[in-house]
Each structure stands twice: as C-alpha cells, then as structure tokens.
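Encoded as structure tokens, the structure appears first; notes follow it.
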Amino acid sequence: MNAQKRHDIFVRLREHNPTPTTELNWTTPFELLTAVLLSAQATDVGVNKATARLFPVANTPQAILDLGIDGLKEHIKTIGLYNTKAENLMKTCRILVEQHAGEVPKTRQALEALPGVGRKTANVILNTAFGEPTIAVDTHIFRVSNRTRIATGKNVNDVEQKLLRHVPREFRQDAHHWLILHGRYTCVARKPRCGSCVIEDLCEFPDKTELF
C-alpha cells in the first residue's frame with residue numbers, strides 16, 4: 001500500500017469519526033489504568049458495569065488498598081479472571097502509592113514495571129490518558145492492519161512498528177482508536193461488513209463481501 005492511499009484512509013476515518021476515543025469509562029489516569037487492567041478477555045461493556053460499581057467506592061490506589069482484596073473482588077467478580085486481575089491491581093496500587101505518590105507514571109518504563117501492564121496497556125495509557133502518539137495493537141488492530149494492508153506483520157510488534165512508520169503524523173494520535181473501532185464494528189473477524197465500509201474502495205483486501 002502506498003503512502004497516498006494510507007493518507008486517504010485516515011482522512012476518511014477522521015471524517016467519519018472526528019473525535020474517536022476509548023469505549024471504557026474513565027475520568028482519571030488511574031481509572032483508565034484500572035479499566036484497561038480489567039479488560040483482558042472481557043468486553044468494554046462488562047468492564048464498564050464493574051467499574052460503575054467500583055469507582056464510586058474506590059477510584060484511587062489508596063482507596064483500593066483500603067478496600068482490601070476481598071472487597072475488590074466483590075466489586076469486579078462479574079469479570080472473567082477477576083481473581084488474577086484483583087491480585088495484579090492490588091500489587092499495582094501498592095507500587096503506585098509507595099513509588100509514585102499515588103499517581104500513574106507517564107513513562108513507558110515505569111508503566112511496564114507495574115503488574116499486569118505490558119506494552120499494549122502502556123501504549124493505551126500513554127496515548128489516551130497522556131496524549132502521546134503511541135499505537136496499541138490488539139487483535140482488532142492487528143486484523144485490520146493486515147487485512148487492509150495498511151501495515152502488515154506476523155505479530156503485534158511488527159504491526160505496531162510499521163504503523164508508527166507509515167501512519168502520517170497528523171493521524172497518529174487517534175490512529176489506535178480509529179482502527180480498533182473499525183475492527184470492532186465494520187472490519188469484523190469472520191464476515192467483514194465491506195458493503196458499509198467507508199474505506200472499502202481504498203482497502204486492498206482481495207476477498208471483500210457485500211455485507212452491511
């Protein structure tokens with residue numbers, strides 16, 4: 001795929017959705033970090049239901065530590081893998097209180113040192129909470145990037161590096177959100193809805209469908 005076509009794709013995505021953002025509900029960097037930690041193998045809708053119960057009671061690292069592990073599990077037990085997620089969140093809260101004055105750090109190194117936080121989660125926090133032009137690659141973005149040929153790669157790291165290299169700078173801040181939403185609602189895994197796709201004529205996927 002050439003540079004002009006990539007540019008035109010992101011122009012279309014921006015026209016269709018000028019202010020894309022995460023579908024997780026959050027108001028502070030710590031709430032976003034908590035929501036992302038809880039979101040592994042869970043839907044955003046499911047996470048939002050859990051955090052709607054949790055955040056009014058505890059939405060700071062110290063408040064969650066005060067809630068205790070059993071209290072935390074009670075609030076998030078509707079989410080898959082909640083036992084492991086609760087353990088990681090408690091450990092993360094302790095580190096945030098003891099090493100970062102209760103604040104979410106703004107560096108990749110410090111974020112990835114937190115339990116349960118890998119490169120993808122760190123990218124989400126850096127981009128969505130702190131405004132850095134990082135691109136977190138999840139299964140949706142991996143699929144869309146390869147299928148459209150915007151950025152092809154055999155693994156998420158390959159795709160991330162190619163996206164950072166090929167996505168025009170003016171679109172880099174929002175690229176993660178445009179691509180994940182496109183993959184979630186249009187360029188879905190089994191039967192992509194090419195008939196209703198705003199970039200269908202620019203996409204290089206050879207097996208397009210007529211589905212809406």
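Identifiers in the structure tokens: chain A, B, ... in order shown; residue index from 1 per chain; ligand index from 1 in order shown.
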
| Surrounding residues of region 8-17 of chain A excluding itself and chain neighbours under 5 positions, 8 Å, only C-alpha atoms, as a list in words |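 Near region 8-17 of chain A, the qualifying residues are Phe171, Ala175, Trp178, Val198, Ile199 and Leu202 of chain A.
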
Restricted to N, CA, C and O atoms, what would the selected residues look like written as a PDB file, in the first residue's frame?
ATOM      1  N   PHE A 171      -2.260  11.948  11.901  1.00  0.00           N
ATOM      2  CA  PHE A 171      -3.283  10.983  12.300  1.00  0.00           C
ATOM      3  C   PHE A 171      -2.827  10.062  13.433  1.00  0.00           C
ATOM      4  O   PHE A 171      -3.615   9.248  13.913  1.00  0.00           O
ATOM      5  N   ALA A 175      -4.990   7.217  15.632  1.00  0.00           N
ATOM      6  CA  ALA A 175      -4.989   6.015  14.790  1.00  0.00           C
ATOM      7  C   ALA A 175      -5.444   4.778  15.552  1.00  0.00           C
ATOM      8  O   ALA A 175      -6.217   3.955  15.029  1.00  0.00           O
ATOM      9  N   TRP A 178      -9.291   4.853  15.866  1.00  0.00           N
ATOM     10  CA  TRP A 178      -9.975   4.641  14.584  1.00  0.00           C
ATOM     11  C   TRP A 178      -9.899   3.182  14.161  1.00  0.00           C
ATOM     12  O   TRP A 178     -10.891   2.603  13.735  1.00  0.00           O
ATOM     13  N   VAL A 198     -16.422   2.606   5.040  1.00  0.00           N
ATOM     14  CA  VAL A 198     -16.123   3.928   4.464  1.00  0.00           C
ATOM     15  C   VAL A 198     -14.796   3.943   3.709  1.00  0.00           C
ATOM     16  O   VAL A 198     -14.506   4.902   2.984  1.00  0.00           O
ATOM     17  N   ILE A 199     -13.981   2.889   3.873  1.00  0.00           N
ATOM     18  CA  ILE A 199     -12.705   2.847   3.157  1.00  0.00           C
ATOM     19  C   ILE A 199     -12.650   1.650   2.192  1.00  0.00           C
ATOM     20  O   ILE A 199     -11.575   1.231   1.766  1.00  0.00           O
ATOM     21  N   LEU A 202     -10.547   1.832  -0.885  1.00  0.00           N
ATOM     22  CA  LEU A 202      -9.115   2.028  -0.648  1.00  0.00           C
ATOM     23  C   LEU A 202      -8.460   0.780  -0.064  1.00  0.00           C
ATOM     24  O   LEU A 202      -7.242   0.613  -0.146  1.00  0.00           O
TER      25      LEU A 202
END

| field | All alpha helix (DSSP H) residues (DSSP, backbone) inside chain A, as a VMD selection string | value | chain A and resid 3 to 16 29 to 38 44 to 54 61 to 76 82 to 99 108 to 112 119 to 124 139 to 148 156 to 166 169 to 185

Convert the current residue selection to file output with C-alpha atoms, as a tab-separated table (two decimals), in the first residue's frame.
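Writing the result to again.tsv gives the following:
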chain	number	residue	atom	x	y	z
A	3	ALA	CA	1.58	6.49	1.25
A	4	GLN	CA	-1.20	8.38	-0.56
A	5	LYS	CA	-3.67	5.57	-0.04
A	6	ARG	CA	-2.81	5.35	3.67
A	7	HIS	CA	-3.31	9.09	3.98
A	8	ASP	CA	-6.69	8.90	2.23
A	9	ILE	CA	-7.80	6.04	4.51
A	10	PHE	CA	-7.17	8.08	7.64
A	11	VAL	CA	-8.82	11.16	6.11
A	12	ARG	CA	-11.95	9.03	5.61
A	13	LEU	CA	-11.81	7.59	9.12
A	14	ARG	CA	-11.43	11.08	10.56
A	15	GLU	CA	-14.35	12.41	8.52
A	16	HIS	CA	-16.48	9.51	9.75
A	29	PRO	CA	-5.47	8.20	34.51
A	30	PHE	CA	-5.80	5.75	37.39
A	31	GLU	CA	-9.39	4.93	36.46
A	32	LEU	CA	-8.26	4.29	32.87
A	33	LEU	CA	-5.37	2.11	34.06
A	34	THR	CA	-7.76	0.13	36.26
A	35	ALA	CA	-10.27	-0.32	33.44
A	36	VAL	CA	-7.61	-1.46	30.98
A	37	LEU	CA	-6.17	-3.93	33.51
A	38	LEU	CA	-9.66	-5.37	33.98
A	44	ASP	CA	-15.71	-2.97	27.45
A	45	VAL	CA	-19.40	-3.17	28.35
A	46	GLY	CA	-18.64	-5.74	31.05
A	47	VAL	CA	-15.75	-3.70	32.41
A	48	ASN	CA	-17.87	-0.54	32.49
A	49	LYS	CA	-20.54	-2.33	34.52
A	50	ALA	CA	-17.91	-3.42	37.05
A	51	THR	CA	-16.18	-0.05	37.30
A	52	ALA	CA	-19.57	1.64	37.71
A	53	ARG	CA	-19.79	-0.30	40.98
A	54	LEU	CA	-16.12	0.06	41.93
A	61	PRO	CA	-4.75	3.48	44.59
A	62	GLN	CA	-5.04	4.11	48.32
A	63	ALA	CA	-8.81	3.68	48.30
A	64	ILE	CA	-8.48	0.30	46.59
A	65	LEU	CA	-5.80	-0.78	49.07
A	66	ASP	CA	-8.16	0.27	51.87
A	67	LEU	CA	-10.95	-1.73	50.23
A	68	GLY	CA	-8.82	-4.86	50.52
A	69	ILE	CA	-8.50	-7.81	48.19
A	70	ASP	CA	-11.81	-9.40	49.18
A	71	GLY	CA	-13.67	-6.12	48.85
A	72	LEU	CA	-12.12	-5.51	45.43
A	73	LYS	CA	-13.07	-8.99	44.22
A	74	GLU	CA	-16.64	-8.44	45.32
A	75	HIS	CA	-16.90	-5.39	43.06
A	76	ILE	CA	-15.30	-6.97	39.98
A	82	TYR	CA	-11.25	-11.50	38.31
A	83	ASN	CA	-9.11	-13.25	40.93
A	84	THR	CA	-5.88	-12.72	38.98
A	85	LYS	CA	-6.90	-9.23	37.95
A	86	ALA	CA	-7.65	-8.29	41.55
A	87	GLU	CA	-4.24	-9.55	42.69
A	88	ASN	CA	-2.46	-7.57	39.97
A	89	LEU	CA	-4.47	-4.42	40.68
A	90	MET	CA	-3.69	-4.60	44.40
A	91	LYS	CA	0.04	-5.02	43.66
A	92	THR	CA	-0.12	-2.14	41.19
A	93	CYS	CA	-1.86	0.10	43.72
A	94	ARG	CA	0.80	-0.66	46.30
A	95	ILE	CA	3.59	0.28	43.88
A	96	LEU	CA	1.78	3.47	42.85
A	97	VAL	CA	1.39	4.53	46.48
A	98	GLU	CA	4.91	3.57	47.57
A	99	GLN	CA	6.88	4.64	44.49
A	108	ARG	CA	6.75	3.52	29.39
A	109	GLN	CA	9.44	2.00	31.61
A	110	ALA	CA	7.58	2.80	34.83
A	111	LEU	CA	4.23	1.69	33.41
A	112	GLU	CA	5.57	-1.65	32.17
A	119	ARG	CA	3.47	-2.89	26.09
A	120	LYS	CA	-0.11	-2.74	24.78
A	121	THR	CA	-1.55	-1.46	28.06
A	122	ALA	CA	1.27	1.05	28.43
A	123	ASN	CA	0.55	2.33	24.92
A	124	VAL	CA	-3.13	2.78	25.75
A	139	THR	CA	-6.44	-8.30	17.93
A	140	HIS	CA	-8.75	-5.85	16.12
A	141	ILE	CA	-5.95	-3.55	15.01
A	142	PHE	CA	-3.74	-6.48	14.05
A	143	ARG	CA	-6.53	-7.84	11.84
A	144	VAL	CA	-7.48	-4.51	10.25
A	145	SER	CA	-3.88	-3.53	9.57
A	146	ASN	CA	-3.10	-6.82	7.87
A	147	ARG	CA	-6.40	-7.18	6.03
A	148	THR	CA	-6.43	-3.67	4.57
A	156	VAL	CA	1.67	-7.31	17.07
A	157	ASN	CA	5.13	-5.80	17.49
A	158	ASP	CA	5.76	-5.91	13.73
A	159	VAL	CA	2.43	-4.24	13.04
A	160	GLU	CA	2.98	-1.59	15.72
A	161	GLN	CA	6.37	-0.61	14.31
A	162	LYS	CA	5.01	-0.45	10.76
A	163	LEU	CA	2.05	1.65	11.85
A	164	LEU	CA	4.36	4.08	13.63
A	165	ARG	CA	6.46	4.25	10.47
A	166	HIS	CA	3.64	4.55	7.94
A	169	ARG	CA	1.97	12.18	11.78
A	170	GLU	CA	-1.27	14.18	11.72
A	171	PHE	CA	-3.28	10.98	12.30
A	172	ARG	CA	-1.00	9.15	14.73
A	173	GLN	CA	-2.64	10.40	17.92
A	174	ASP	CA	-6.04	8.95	17.00
A	175	ALA	CA	-4.99	6.02	14.79
A	176	HIS	CA	-5.36	3.46	17.59
A	177	HIS	CA	-8.97	4.42	18.25
A	178	TRP	CA	-9.97	4.64	14.58
A	179	LEU	CA	-8.54	1.22	13.81
A	180	ILE	CA	-9.92	-0.55	16.89
A	181	LEU	CA	-13.42	0.84	16.33
A	182	HIS	CA	-13.25	-0.05	12.65
A	183	GLY	CA	-12.27	-3.60	13.57
A	184	ARG	CA	-14.90	-3.88	16.27
A	185	TYR	CA	-17.87	-2.73	14.21

| remark: Across A:Val137, A:Glu103, A:Leu24, A:Pro168, the smallest distance to Thr43 (chain A), with only C-alpha atoms counted, is shown by A:Leu24

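Going from CA of Thr21 (chain A) to CA of Ile135 (chain A) covers 12.8 Å.
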
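For the atom pair formed by CA of Gln41 (chain A) and CA of Glu200 (chain A), the distance is 29.2 Å, given to one decimal.
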